[in-house]
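What's in work_4.txt: compact mmCIF, N, CA and C atoms
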```
# COMPACT_ATOMS: atom_id res chain seq x y z
N MET L 32 -20.05 -31.33 -6.46
CA MET L 32 -20.30 -29.94 -6.18
C MET L 32 -19.63 -29.10 -7.27
N ALA L 33 -20.36 -28.19 -7.82
CA ALA L 33 -19.81 -27.30 -8.86
C ALA L 33 -18.85 -26.30 -8.23
N ASP L 34 -17.84 -25.91 -9.03
CA ASP L 34 -16.86 -24.96 -8.51
C ASP L 34 -17.51 -23.68 -8.00
N ASP L 35 -18.59 -23.23 -8.69
CA ASP L 35 -19.21 -21.96 -8.27
C ASP L 35 -20.04 -22.12 -7.00
N ASP L 36 -20.25 -23.37 -6.52
CA ASP L 36 -20.93 -23.60 -5.25
C ASP L 36 -19.95 -23.61 -4.09
N TRP L 37 -18.67 -23.61 -4.40
CA TRP L 37 -17.61 -23.72 -3.40
C TRP L 37 -17.33 -22.34 -2.82
N THR L 38 -17.19 -22.25 -1.52
CA THR L 38 -16.89 -20.98 -0.88
C THR L 38 -15.53 -21.08 -0.21
N ILE L 39 -14.65 -20.17 -0.58
CA ILE L 39 -13.34 -20.11 0.07
C ILE L 39 -13.50 -19.23 1.31
N GLU L 40 -13.08 -19.75 2.43
CA GLU L 40 -13.10 -18.96 3.65
C GLU L 40 -11.68 -18.49 3.91
N LEU L 41 -11.52 -17.19 3.98
CA LEU L 41 -10.20 -16.63 4.22
C LEU L 41 -9.71 -16.99 5.60
N GLY L 42 -8.42 -17.31 5.68
CA GLY L 42 -7.79 -17.57 6.97
C GLY L 42 -7.35 -16.27 7.61
N GLU L 43 -6.88 -16.36 8.83
CA GLU L 43 -6.46 -15.17 9.58
C GLU L 43 -5.37 -14.39 8.86
N LEU L 44 -4.37 -15.09 8.32
CA LEU L 44 -3.29 -14.40 7.63
C LEU L 44 -3.81 -13.72 6.37
N ASP L 45 -4.68 -14.43 5.62
CA ASP L 45 -5.25 -13.85 4.40
C ASP L 45 -6.00 -12.55 4.72
N GLU L 46 -6.77 -12.58 5.80
CA GLU L 46 -7.52 -11.38 6.20
C GLU L 46 -6.57 -10.25 6.59
N LYS L 47 -5.53 -10.57 7.35
CA LYS L 47 -4.56 -9.54 7.76
C LYS L 47 -3.84 -8.95 6.55
N MET L 48 -3.63 -9.79 5.52
CA MET L 48 -2.94 -9.32 4.31
C MET L 48 -3.88 -8.58 3.36
N GLY L 49 -5.19 -8.61 3.63
CA GLY L 49 -6.14 -7.89 2.79
C GLY L 49 -6.50 -8.60 1.50
N VAL L 50 -6.37 -9.93 1.46
CA VAL L 50 -6.66 -10.71 0.25
C VAL L 50 -8.16 -10.66 -0.06
N ARG L 51 -8.47 -10.46 -1.36
CA ARG L 51 -9.85 -10.45 -1.84
C ARG L 51 -9.95 -11.40 -3.04
N ILE L 52 -10.85 -12.37 -2.97
CA ILE L 52 -11.03 -13.35 -4.03
C ILE L 52 -11.94 -12.76 -5.11
N LEU L 53 -11.50 -12.88 -6.37
CA LEU L 53 -12.28 -12.39 -7.51
C LEU L 53 -12.89 -13.52 -8.33
N GLU L 54 -12.20 -14.65 -8.39
CA GLU L 54 -12.63 -15.78 -9.22
C GLU L 54 -12.06 -17.04 -8.61
N GLN L 55 -12.82 -18.14 -8.67
CA GLN L 55 -12.30 -19.38 -8.07
C GLN L 55 -12.82 -20.62 -8.77
N SER L 56 -11.89 -21.50 -9.09
CA SER L 56 -12.18 -22.83 -9.61
C SER L 56 -10.91 -23.65 -9.40
N ALA L 57 -10.99 -24.95 -9.62
CA ALA L 57 -9.80 -25.79 -9.49
C ALA L 57 -8.74 -25.41 -10.50
N GLU L 58 -9.18 -24.94 -11.67
CA GLU L 58 -8.25 -24.59 -12.74
C GLU L 58 -7.67 -23.20 -12.61
N ARG L 59 -8.39 -22.30 -11.88
CA ARG L 59 -7.95 -20.90 -11.84
C ARG L 59 -8.55 -20.18 -10.63
N VAL L 60 -7.68 -19.58 -9.84
CA VAL L 60 -8.10 -18.70 -8.74
C VAL L 60 -7.45 -17.35 -8.98
N VAL L 61 -8.25 -16.29 -8.88
CA VAL L 61 -7.76 -14.92 -9.06
C VAL L 61 -8.11 -14.13 -7.80
N ALA L 62 -7.14 -13.37 -7.29
CA ALA L 62 -7.36 -12.57 -6.09
C ALA L 62 -6.47 -11.34 -6.14
N THR L 63 -6.78 -10.37 -5.29
CA THR L 63 -5.95 -9.17 -5.14
C THR L 63 -5.46 -9.07 -3.70
N MET L 64 -4.40 -8.28 -3.54
CA MET L 64 -3.83 -8.01 -2.22
C MET L 64 -3.22 -6.61 -2.26
N PRO L 65 -3.47 -5.78 -1.25
CA PRO L 65 -2.84 -4.46 -1.25
C PRO L 65 -1.36 -4.56 -0.89
N VAL L 66 -0.57 -3.69 -1.48
CA VAL L 66 0.85 -3.62 -1.12
C VAL L 66 0.96 -3.01 0.28
N GLU L 67 0.20 -1.95 0.52
CA GLU L 67 0.20 -1.30 1.82
C GLU L 67 -0.19 -2.31 2.90
N GLY L 68 0.59 -2.36 3.97
CA GLY L 68 0.37 -3.32 5.03
C GLY L 68 1.15 -4.62 4.83
N ASN L 69 1.76 -4.77 3.66
CA ASN L 69 2.50 -5.99 3.33
C ASN L 69 3.92 -5.67 2.85
N ARG L 70 4.43 -4.51 3.31
CA ARG L 70 5.77 -4.07 2.88
C ARG L 70 6.82 -4.43 3.91
N GLN L 71 8.06 -4.59 3.41
CA GLN L 71 9.21 -4.80 4.30
C GLN L 71 9.78 -3.44 4.68
N SER L 72 10.85 -3.44 5.43
CA SER L 72 11.39 -2.20 6.02
C SER L 72 11.90 -1.18 5.01
N PHE L 73 12.14 -1.59 3.76
CA PHE L 73 12.60 -0.65 2.74
C PHE L 73 11.45 -0.10 1.89
N GLY L 74 10.21 -0.40 2.29
CA GLY L 74 9.04 0.14 1.62
C GLY L 74 8.58 -0.64 0.40
N LEU L 75 9.15 -1.83 0.19
CA LEU L 75 8.78 -2.67 -0.95
C LEU L 75 7.85 -3.79 -0.49
N LEU L 76 7.02 -4.30 -1.41
CA LEU L 76 6.21 -5.47 -1.09
C LEU L 76 7.15 -6.57 -0.60
N HIS L 77 6.85 -7.12 0.55
CA HIS L 77 7.69 -8.17 1.14
C HIS L 77 7.61 -9.43 0.29
N GLY L 78 8.76 -10.01 -0.01
CA GLY L 78 8.79 -11.24 -0.79
C GLY L 78 8.02 -12.36 -0.11
N GLY L 79 8.08 -12.40 1.22
CA GLY L 79 7.33 -13.41 1.96
C GLY L 79 5.83 -13.23 1.81
N ALA L 80 5.39 -11.97 1.70
CA ALA L 80 3.97 -11.71 1.48
C ALA L 80 3.55 -12.23 0.11
N SER L 81 4.40 -12.03 -0.89
CA SER L 81 4.10 -12.54 -2.23
C SER L 81 3.99 -14.05 -2.22
N VAL L 82 4.88 -14.72 -1.50
CA VAL L 82 4.87 -16.18 -1.44
C VAL L 82 3.67 -16.68 -0.65
N ALA L 83 3.35 -16.03 0.47
CA ALA L 83 2.17 -16.42 1.25
C ALA L 83 0.89 -16.26 0.42
N PHE L 84 0.82 -15.17 -0.34
CA PHE L 84 -0.31 -14.90 -1.25
C PHE L 84 -0.40 -16.01 -2.30
N ALA L 85 0.73 -16.34 -2.92
CA ALA L 85 0.76 -17.39 -3.95
C ALA L 85 0.37 -18.74 -3.35
N GLU L 86 0.86 -19.04 -2.17
CA GLU L 86 0.54 -20.32 -1.54
C GLU L 86 -0.95 -20.41 -1.24
N ALA L 87 -1.53 -19.33 -0.78
CA ALA L 87 -2.97 -19.32 -0.50
C ALA L 87 -3.77 -19.61 -1.76
N LEU L 88 -3.44 -18.95 -2.87
CA LEU L 88 -4.20 -19.13 -4.10
C LEU L 88 -4.07 -20.55 -4.65
N GLY L 89 -2.84 -21.05 -4.69
CA GLY L 89 -2.63 -22.41 -5.19
C GLY L 89 -3.28 -23.45 -4.30
N SER L 90 -3.23 -23.25 -3.00
CA SER L 90 -3.83 -24.20 -2.07
C SER L 90 -5.36 -24.18 -2.18
N TRP L 91 -5.93 -22.98 -2.33
CA TRP L 91 -7.39 -22.88 -2.47
C TRP L 91 -7.85 -23.62 -3.72
N ALA L 92 -7.13 -23.43 -4.82
CA ALA L 92 -7.49 -24.13 -6.05
C ALA L 92 -7.39 -25.64 -5.86
N ALA L 93 -6.37 -26.09 -5.14
CA ALA L 93 -6.19 -27.53 -4.89
C ALA L 93 -7.31 -28.08 -4.02
N VAL L 94 -7.75 -27.32 -3.04
CA VAL L 94 -8.86 -27.76 -2.17
C VAL L 94 -10.15 -27.87 -2.99
N ILE L 95 -10.38 -26.92 -3.87
CA ILE L 95 -11.55 -27.00 -4.75
C ILE L 95 -11.46 -28.25 -5.61
N HIS L 96 -10.28 -28.53 -6.16
CA HIS L 96 -10.08 -29.73 -6.96
C HIS L 96 -10.31 -30.99 -6.12
N ALA L 97 -9.84 -31.00 -4.89
CA ALA L 97 -9.98 -32.18 -4.03
C ALA L 97 -11.45 -32.52 -3.80
N GLY L 98 -12.28 -31.51 -3.61
CA GLY L 98 -13.71 -31.72 -3.43
C GLY L 98 -14.09 -32.05 -2.00
N PRO L 99 -15.40 -32.22 -1.79
CA PRO L 99 -15.93 -32.49 -0.45
C PRO L 99 -15.33 -33.76 0.15
N GLY L 100 -15.04 -33.70 1.45
CA GLY L 100 -14.50 -34.85 2.15
C GLY L 100 -13.01 -35.07 1.94
N ARG L 101 -12.38 -34.17 1.20
CA ARG L 101 -10.94 -34.27 0.96
C ARG L 101 -10.31 -32.92 1.27
N SER L 102 -9.01 -32.90 1.39
CA SER L 102 -8.28 -31.67 1.68
C SER L 102 -6.99 -31.66 0.87
N ALA L 103 -6.29 -30.55 0.95
CA ALA L 103 -5.01 -30.41 0.26
C ALA L 103 -4.00 -29.78 1.20
N VAL L 104 -2.79 -30.29 1.18
CA VAL L 104 -1.71 -29.73 1.98
C VAL L 104 -0.51 -29.47 1.08
N GLY L 105 0.08 -28.31 1.26
CA GLY L 105 1.25 -27.95 0.46
C GLY L 105 2.44 -28.82 0.79
N VAL L 106 3.11 -29.30 -0.25
CA VAL L 106 4.34 -30.08 -0.05
C VAL L 106 5.55 -29.42 -0.68
N ASP L 107 5.31 -28.44 -1.56
CA ASP L 107 6.43 -27.75 -2.20
C ASP L 107 5.95 -26.41 -2.73
N ILE L 108 6.78 -25.38 -2.55
CA ILE L 108 6.53 -24.09 -3.18
C ILE L 108 7.88 -23.47 -3.50
N ASN L 109 7.97 -22.85 -4.66
CA ASN L 109 9.17 -22.07 -4.97
C ASN L 109 8.71 -20.80 -5.65
N ALA L 110 9.51 -19.75 -5.55
CA ALA L 110 9.10 -18.47 -6.10
C ALA L 110 10.32 -17.71 -6.63
N THR L 111 10.08 -16.97 -7.69
CA THR L 111 11.07 -16.06 -8.24
C THR L 111 10.47 -14.66 -8.19
N HIS L 112 11.22 -13.73 -7.60
CA HIS L 112 10.79 -12.33 -7.51
C HIS L 112 11.43 -11.58 -8.67
N HIS L 113 10.57 -10.96 -9.50
CA HIS L 113 11.05 -10.33 -10.73
C HIS L 113 11.28 -8.83 -10.61
N ARG L 114 10.42 -8.15 -9.87
CA ARG L 114 10.57 -6.70 -9.75
C ARG L 114 9.87 -6.23 -8.49
N ALA L 115 10.24 -5.04 -8.05
CA ALA L 115 9.70 -4.48 -6.81
C ALA L 115 8.43 -3.68 -7.09
N VAL L 116 7.61 -3.56 -6.06
CA VAL L 116 6.43 -2.70 -6.11
C VAL L 116 6.29 -2.04 -4.74
N ARG L 117 5.91 -0.76 -4.72
CA ARG L 117 5.85 0.01 -3.48
C ARG L 117 4.43 0.36 -3.03
N SER L 118 3.47 0.32 -3.95
CA SER L 118 2.11 0.74 -3.58
C SER L 118 1.09 0.10 -4.52
N GLY L 119 -0.17 0.29 -4.19
CA GLY L 119 -1.25 -0.19 -5.03
C GLY L 119 -1.69 -1.61 -4.68
N LEU L 120 -2.33 -2.24 -5.64
CA LEU L 120 -2.81 -3.61 -5.50
C LEU L 120 -2.00 -4.53 -6.40
N VAL L 121 -1.75 -5.73 -5.92
CA VAL L 121 -1.20 -6.76 -6.79
C VAL L 121 -2.31 -7.78 -7.02
N THR L 122 -2.24 -8.43 -8.18
CA THR L 122 -3.21 -9.46 -8.53
C THR L 122 -2.47 -10.77 -8.70
N GLY L 123 -3.02 -11.82 -8.11
CA GLY L 123 -2.46 -13.15 -8.25
C GLY L 123 -3.40 -14.03 -9.05
N VAL L 124 -2.83 -14.79 -9.98
CA VAL L 124 -3.61 -15.74 -10.78
C VAL L 124 -2.94 -17.10 -10.65
N ALA L 125 -3.66 -18.04 -10.03
CA ALA L 125 -3.19 -19.43 -9.91
C ALA L 125 -3.81 -20.22 -11.05
N THR L 126 -2.97 -20.84 -11.88
CA THR L 126 -3.42 -21.62 -13.02
C THR L 126 -2.94 -23.06 -12.86
N ALA L 127 -3.85 -24.00 -13.05
CA ALA L 127 -3.51 -25.41 -12.88
C ALA L 127 -2.45 -25.84 -13.89
N ILE L 128 -1.47 -26.57 -13.40
CA ILE L 128 -0.48 -27.23 -14.24
C ILE L 128 -0.89 -28.70 -14.39
N LYS L 129 -1.22 -29.34 -13.26
CA LYS L 129 -1.63 -30.75 -13.25
C LYS L 129 -2.62 -30.96 -12.11
N LEU L 130 -3.78 -31.51 -12.43
CA LEU L 130 -4.79 -31.82 -11.42
C LEU L 130 -4.98 -33.34 -11.42
N GLY L 131 -4.29 -34.00 -10.49
CA GLY L 131 -4.35 -35.45 -10.42
C GLY L 131 -5.18 -35.94 -9.25
N ARG L 132 -5.19 -37.24 -9.06
CA ARG L 132 -5.96 -37.85 -7.97
C ARG L 132 -5.33 -37.55 -6.61
N THR L 133 -3.99 -37.49 -6.57
CA THR L 133 -3.32 -37.28 -5.28
C THR L 133 -2.42 -36.04 -5.25
N ILE L 134 -2.19 -35.43 -6.41
CA ILE L 134 -1.31 -34.25 -6.49
C ILE L 134 -1.99 -33.19 -7.35
N ALA L 135 -1.89 -31.94 -6.90
CA ALA L 135 -2.34 -30.81 -7.71
C ALA L 135 -1.21 -29.78 -7.73
N SER L 136 -0.83 -29.34 -8.92
CA SER L 136 0.23 -28.34 -9.06
C SER L 136 -0.33 -27.13 -9.80
N HIS L 137 0.04 -25.94 -9.32
CA HIS L 137 -0.41 -24.68 -9.91
C HIS L 137 0.76 -23.72 -10.08
N GLU L 138 0.71 -22.93 -11.13
CA GLU L 138 1.61 -21.79 -11.29
C GLU L 138 0.84 -20.56 -10.85
N VAL L 139 1.48 -19.73 -10.06
CA VAL L 139 0.85 -18.50 -9.59
C VAL L 139 1.68 -17.32 -10.07
N VAL L 140 1.04 -16.42 -10.81
CA VAL L 140 1.71 -15.23 -11.32
C VAL L 140 1.11 -14.02 -10.59
N VAL L 141 1.98 -13.23 -9.98
CA VAL L 141 1.57 -12.02 -9.27
C VAL L 141 2.03 -10.83 -10.10
N THR L 142 1.07 -9.92 -10.41
CA THR L 142 1.38 -8.74 -11.22
C THR L 142 0.96 -7.47 -10.50
N ASP L 143 1.57 -6.35 -10.91
CA ASP L 143 1.18 -5.06 -10.36
C ASP L 143 0.02 -4.48 -11.18
N GLU L 144 -0.39 -3.27 -10.85
CA GLU L 144 -1.54 -2.65 -11.52
C GLU L 144 -1.28 -2.35 -12.99
N ASP L 145 -0.03 -2.29 -13.39
CA ASP L 145 0.31 -2.06 -14.80
C ASP L 145 0.50 -3.36 -15.57
N GLY L 146 0.29 -4.49 -14.91
CA GLY L 146 0.44 -5.79 -15.56
C GLY L 146 1.86 -6.33 -15.56
N ASN L 147 2.77 -5.65 -14.86
CA ASN L 147 4.16 -6.13 -14.77
C ASN L 147 4.22 -7.32 -13.81
N ARG L 148 4.96 -8.35 -14.22
CA ARG L 148 5.10 -9.54 -13.39
C ARG L 148 6.01 -9.21 -12.21
N ILE L 149 5.50 -9.43 -11.01
CA ILE L 149 6.23 -9.18 -9.77
C ILE L 149 6.87 -10.46 -9.26
N CYS L 150 6.11 -11.55 -9.34
CA CYS L 150 6.56 -12.82 -8.76
C CYS L 150 5.91 -13.97 -9.53
N THR L 151 6.67 -15.04 -9.71
CA THR L 151 6.14 -16.27 -10.27
C THR L 151 6.42 -17.38 -9.27
N ALA L 152 5.39 -18.12 -8.90
CA ALA L 152 5.55 -19.23 -7.94
C ALA L 152 4.95 -20.49 -8.53
N ARG L 153 5.44 -21.62 -8.05
CA ARG L 153 4.85 -22.91 -8.39
C ARG L 153 4.63 -23.64 -7.09
N ILE L 154 3.40 -24.14 -6.91
CA ILE L 154 3.06 -24.85 -5.68
C ILE L 154 2.49 -26.21 -6.01
N THR L 155 2.89 -27.21 -5.23
CA THR L 155 2.35 -28.56 -5.35
C THR L 155 1.69 -28.92 -4.03
N ASN L 156 0.45 -29.42 -4.14
CA ASN L 156 -0.33 -29.84 -2.97
C ASN L 156 -0.62 -31.34 -3.06
N LEU L 157 -0.56 -31.99 -1.91
CA LEU L 157 -0.94 -33.39 -1.79
C LEU L 157 -2.43 -33.43 -1.43
N ILE L 158 -3.20 -34.23 -2.16
CA ILE L 158 -4.63 -34.37 -1.91
C ILE L 158 -4.82 -35.53 -0.92
N LEU L 159 -5.54 -35.24 0.17
CA LEU L 159 -5.75 -36.24 1.23
C LEU L 159 -7.23 -36.32 1.58
N ASP L 160 -7.63 -37.44 2.15
CA ASP L 160 -8.97 -37.52 2.74
C ASP L 160 -8.97 -36.62 3.98
N ALA L 161 -10.04 -35.88 4.16
CA ALA L 161 -10.13 -34.99 5.32
C ALA L 161 -10.23 -35.85 6.58
N PRO L 162 -9.61 -35.38 7.67
CA PRO L 162 -9.69 -36.15 8.92
C PRO L 162 -11.14 -36.17 9.44
N ALA L 163 -11.51 -37.24 10.10
CA ALA L 163 -12.84 -37.35 10.68
C ALA L 163 -12.99 -36.31 11.78
N PRO L 164 -14.18 -35.71 11.89
CA PRO L 164 -14.40 -34.68 12.94
C PRO L 164 -14.36 -35.24 14.34
```
Could you quickly redo this structure as structure tokens?
Amino acid sequence: MADDDWTIELGELDEKMGVRILEQSAERVVATMPVEGNRQSFGLLHGGASVAFAEALGSWAAVIHAGPGRSAVGVDINATHHRAVRSGLVTGVATAIKLGRTIASHEVVVTDEDGNRICTARITNLILDAPAP
């Protein structure tokens, strides 16, 4: 199946966070998320929202890499928060580091509307056969 035939279905959390997919392949997933609705009590984009966003992008790319009849589950994620953002849209770009038979690793960079890096995450997914229905 070609990457452009693959459809990512947003999960409940992704929908609540306002995630919008712009580009998708095993090598690169690009999406946006509004800051509004994803802020912590001090009015800043919540660090957990940035990590959930990064995990979604990296996992989606890993699932595309896994292909039909297989799945991907996150086994590790780490993130560094570089600067705060209070409003607008952030963009996440997941770029493949290693696409193997059983492991897929991606770096996810989240930037603000001015291109400033907000967060850098690295996620590793284990590729598994999908469970029988």
Could you name the residues that touch Thr63 in chain L at 12 Å or less, counting only C-alpha atoms, but leaving out those on the same chain fewer than 6 positions away, as a PDB file with N, CA and C atoms, keeping the file's coordinate frame?
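Dumped to part_4.pdb:
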```pdb
ATOM      1  N   ASP L  45      -4.680 -14.430   5.620  1.00  0.00           N
ATOM      2  CA  ASP L  45      -5.250 -13.850   4.400  1.00  0.00           C
ATOM      3  C   ASP L  45      -6.000 -12.550   4.720  1.00  0.00           C
ATOM      4  N   GLU L  46      -6.770 -12.580   5.800  1.00  0.00           N
ATOM      5  CA  GLU L  46      -7.520 -11.380   6.200  1.00  0.00           C
ATOM      6  C   GLU L  46      -6.570 -10.250   6.590  1.00  0.00           C
ATOM      7  N   MET L  48      -3.630  -9.790   5.520  1.00  0.00           N
ATOM      8  CA  MET L  48      -2.940  -9.320   4.310  1.00  0.00           C
ATOM      9  C   MET L  48      -3.880  -8.580   3.360  1.00  0.00           C
ATOM     10  N   GLY L  49      -5.190  -8.610   3.630  1.00  0.00           N
ATOM     11  CA  GLY L  49      -6.140  -7.890   2.790  1.00  0.00           C
ATOM     12  C   GLY L  49      -6.500  -8.600   1.500  1.00  0.00           C
ATOM     13  N   VAL L  50      -6.370  -9.930   1.460  1.00  0.00           N
ATOM     14  CA  VAL L  50      -6.660 -10.710   0.250  1.00  0.00           C
ATOM     15  C   VAL L  50      -8.160 -10.660  -0.060  1.00  0.00           C
ATOM     16  N   ARG L  51      -8.470 -10.460  -1.360  1.00  0.00           N
ATOM     17  CA  ARG L  51      -9.850 -10.450  -1.840  1.00  0.00           C
ATOM     18  C   ARG L  51      -9.950 -11.400  -3.040  1.00  0.00           C
ATOM     19  N   ILE L  52     -10.850 -12.370  -2.970  1.00  0.00           N
ATOM     20  CA  ILE L  52     -11.030 -13.350  -4.030  1.00  0.00           C
ATOM     21  C   ILE L  52     -11.940 -12.760  -5.110  1.00  0.00           C
ATOM     22  N   LEU L  53     -11.500 -12.880  -6.370  1.00  0.00           N
ATOM     23  CA  LEU L  53     -12.280 -12.390  -7.510  1.00  0.00           C
ATOM     24  C   LEU L  53     -12.890 -13.520  -8.330  1.00  0.00           C
ATOM     25  N   GLU L  54     -12.200 -14.650  -8.390  1.00  0.00           N
ATOM     26  CA  GLU L  54     -12.630 -15.780  -9.220  1.00  0.00           C
ATOM     27  C   GLU L  54     -12.060 -17.040  -8.610  1.00  0.00           C
ATOM     28  N   SER L  81       4.400 -12.030  -0.890  1.00  0.00           N
ATOM     29  CA  SER L  81       4.100 -12.540  -2.230  1.00  0.00           C
ATOM     30  C   SER L  81       3.990 -14.050  -2.220  1.00  0.00           C
ATOM     31  N   PHE L  84       0.820 -15.170  -0.340  1.00  0.00           N
ATOM     32  CA  PHE L  84      -0.310 -14.900  -1.250  1.00  0.00           C
ATOM     33  C   PHE L  84      -0.400 -16.010  -2.300  1.00  0.00           C
ATOM     34  N   ALA L  85       0.730 -16.340  -2.920  1.00  0.00           N
ATOM     35  CA  ALA L  85       0.760 -17.390  -3.950  1.00  0.00           C
ATOM     36  C   ALA L  85       0.370 -18.740  -3.350  1.00  0.00           C
ATOM     37  N   ALA L  87      -1.530 -19.330  -0.780  1.00  0.00           N
ATOM     38  CA  ALA L  87      -2.970 -19.320  -0.500  1.00  0.00           C
ATOM     39  C   ALA L  87      -3.770 -19.610  -1.760  1.00  0.00           C
ATOM     40  N   LEU L  88      -3.440 -18.950  -2.870  1.00  0.00           N
ATOM     41  CA  LEU L  88      -4.200 -19.130  -4.100  1.00  0.00           C
ATOM     42  C   LEU L  88      -4.070 -20.550  -4.650  1.00  0.00           C
ATOM     43  N   GLY L 119      -0.170   0.290  -4.190  1.00  0.00           N
ATOM     44  CA  GLY L 119      -1.250  -0.190  -5.030  1.00  0.00           C
ATOM     45  C   GLY L 119      -1.690  -1.610  -4.680  1.00  0.00           C
ATOM     46  N   LEU L 120      -2.330  -2.240  -5.640  1.00  0.00           N
ATOM     47  CA  LEU L 120      -2.810  -3.610  -5.500  1.00  0.00           C
ATOM     48  C   LEU L 120      -2.000  -4.530  -6.400  1.00  0.00           C
ATOM     49  N   VAL L 121      -1.750  -5.730  -5.920  1.00  0.00           N
ATOM     50  CA  VAL L 121      -1.200  -6.760  -6.790  1.00  0.00           C
ATOM     51  C   VAL L 121      -2.310  -7.780  -7.020  1.00  0.00           C
ATOM     52  N   THR L 122      -2.240  -8.430  -8.180  1.00  0.00           N
ATOM     53  CA  THR L 122      -3.210  -9.460  -8.530  1.00  0.00           C
ATOM     54  C   THR L 122      -2.470 -10.770  -8.700  1.00  0.00           C
ATOM     55  N   GLY L 123      -3.020 -11.820  -8.110  1.00  0.00           N
ATOM     56  CA  GLY L 123      -2.460 -13.150  -8.250  1.00  0.00           C
ATOM     57  C   GLY L 123      -3.400 -14.030  -9.050  1.00  0.00           C
ATOM     58  N   VAL L 124      -2.830 -14.790  -9.980  1.00  0.00           N
ATOM     59  CA  VAL L 124      -3.610 -15.740 -10.780  1.00  0.00           C
ATOM     60  C   VAL L 124      -2.940 -17.100 -10.650  1.00  0.00           C
ATOM     61  N   ALA L 125      -3.660 -18.040 -10.030  1.00  0.00           N
ATOM     62  CA  ALA L 125      -3.190 -19.430  -9.910  1.00  0.00           C
ATOM     63  C   ALA L 125      -3.810 -20.220 -11.050  1.00  0.00           C
ATOM     64  N   VAL L 140       1.040 -16.420 -10.810  1.00  0.00           N
ATOM     65  CA  VAL L 140       1.710 -15.230 -11.320  1.00  0.00           C
ATOM     66  C   VAL L 140       1.110 -14.020 -10.590  1.00  0.00           C
ATOM     67  N   VAL L 141       1.980 -13.230  -9.980  1.00  0.00           N
ATOM     68  CA  VAL L 141       1.570 -12.020  -9.270  1.00  0.00           C
ATOM     69  C   VAL L 141       2.030 -10.830 -10.100  1.00  0.00           C
ATOM     70  N   THR L 142       1.070  -9.920 -10.410  1.00  0.00           N
ATOM     71  CA  THR L 142       1.380  -8.740 -11.220  1.00  0.00           C
ATOM     72  C   THR L 142       0.960  -7.470 -10.500  1.00  0.00           C
ATOM     73  N   ASP L 143       1.570  -6.350 -10.910  1.00  0.00           N
ATOM     74  CA  ASP L 143       1.180  -5.060 -10.360  1.00  0.00           C
ATOM     75  C   ASP L 143       0.020  -4.480 -11.180  1.00  0.00           C
ATOM     76  N   GLU L 144      -0.390  -3.270 -10.850  1.00  0.00           N
ATOM     77  CA  GLU L 144      -1.540  -2.650 -11.520  1.00  0.00           C
ATOM     78  C   GLU L 144      -1.280  -2.350 -12.990  1.00  0.00           C
TER      79      GLU L 144
END
```
Q: Measuring atom to atom with all atoms listed in the file, identify which of L:Thr111, L:Ser72, L:Ser56, L:Ser102 is nearest to Asp160 in chain L.
A: L:Ser102
Q: Identify which of the residues L:Asn69, L:Thr133, L:Gln55, L:Thr151 lies closest to Ala92 in chain L, counting all atoms listed in the file when measuring atom-to-atom distances.
A: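 Distance minimum relative to Ala92 in chain L lands on L:Gln55.
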Q. For the atom pair CA of Ala127 in chain L and CA of Pro65 in chain L, what is the interatomic distance in Å to one decimal place?
A.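 Value for the CA of Ala127 in chain L-CA of Pro65 in chain L distance: 24.0 Å.
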Q | Selected residue, from L:Met64, L:Trp91, L:Gly131, L:Leu75, that lies nearest to Ile158 in chain L when counting only N, CA and C atoms | A |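 Among the listed residues, the smallest separation from Ile158 in chain L belongs to L:Gly131.
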